[in-house]
Amino acid sequence: MTLPPRLHAVNEGLAFLIEIAALAVLAWWGWQSVESRVLGLLIAVAAPAAAAVLWGVFAAPRARIPVPLPGVLVVKAMVFGAASAALYAMGHVSWVAVAVVVAVANTALATLDRRAAIHRQA
């Protein structure tokens, strides 16, 4: 299934916003996860940094180590899963459902679109 160009652009923009939101949630969770402000700051920086490095190395469009699509999906599941777990740990259960539905729908559309593009090139 190839997305129309306008929908493709919207879905790619949404993907970027979801990725930024996941990093922000990890930082927010890190800040609130411990009582020590110094340790909270360390976790607030380290958690999203680790997710961003993982994403950049394996899942980004220009990943340092390109992996097959299933590997990219595993990395995305790990990052979005960590952000969802962080939301849950902070007591935002209803936002977990919203985040999961949006991330899964966005990733599914992007995956179908990429597969169609690969098949067109072959």
# chains A, B, ... in the order shown; residues from 1 in each chain; ligands from 1

call {"tool": "residues_around", "arguments": {"residues": "stretch 77-88 of chain A", "least_positions_apart": "3", "cutoff": "8 Å", "atoms": "only C-alpha atoms", "output": "PyMOL selection string"}}
result
chain A and resi 19+22-23+25-26+29+51+55+73-74+91-93+95-96+99-100+103

call {"tool": "select_by_dssp", "arguments": {"residues": "chain A", "states": "helix (DSSP H, G or I)", "output": "ChimeraX atom specification"}}
result
/A:5-32,37-58,69-89,93-121

call {"tool": "closest_residue", "arguments": {"among": "A:Val57, A:Ala27, A:Leu7, A:Ala63", "to": "A:Leu42", "atoms": "only C-alpha atoms"}}
result
A:Ala27

call {"tool": "atom_distance", "arguments": {"atom1": "atom CA of A:Pro61", "atom2": "atom CA of A:Val101"}}
result
22.4 Å

call {"tool": "residues_around", "arguments": {"residues": "A:His8", "least_positions_apart": "4", "cutoff": "10 Å", "atoms": "only C-alpha atoms", "output": "VMD selection string"}}
result
chain A and resid 2 to 4 12 to 14 109 to 110 113

call {"tool": "residues_around", "arguments": {"residues": "A:Arg64", "least_positions_apart": "5", "cutoff": "12 Å", "atoms": "only C-alpha atoms", "output": "PyMOL selection string"}}
result
chain A and resi 53-59

call {"tool": "closest_residue", "arguments": {"among": "A:His119, A:Lys76, A:Arg37, A:Arg6", "to": "A:Ala60", "atoms": "only C-alpha atoms"}}
result
A:Lys76
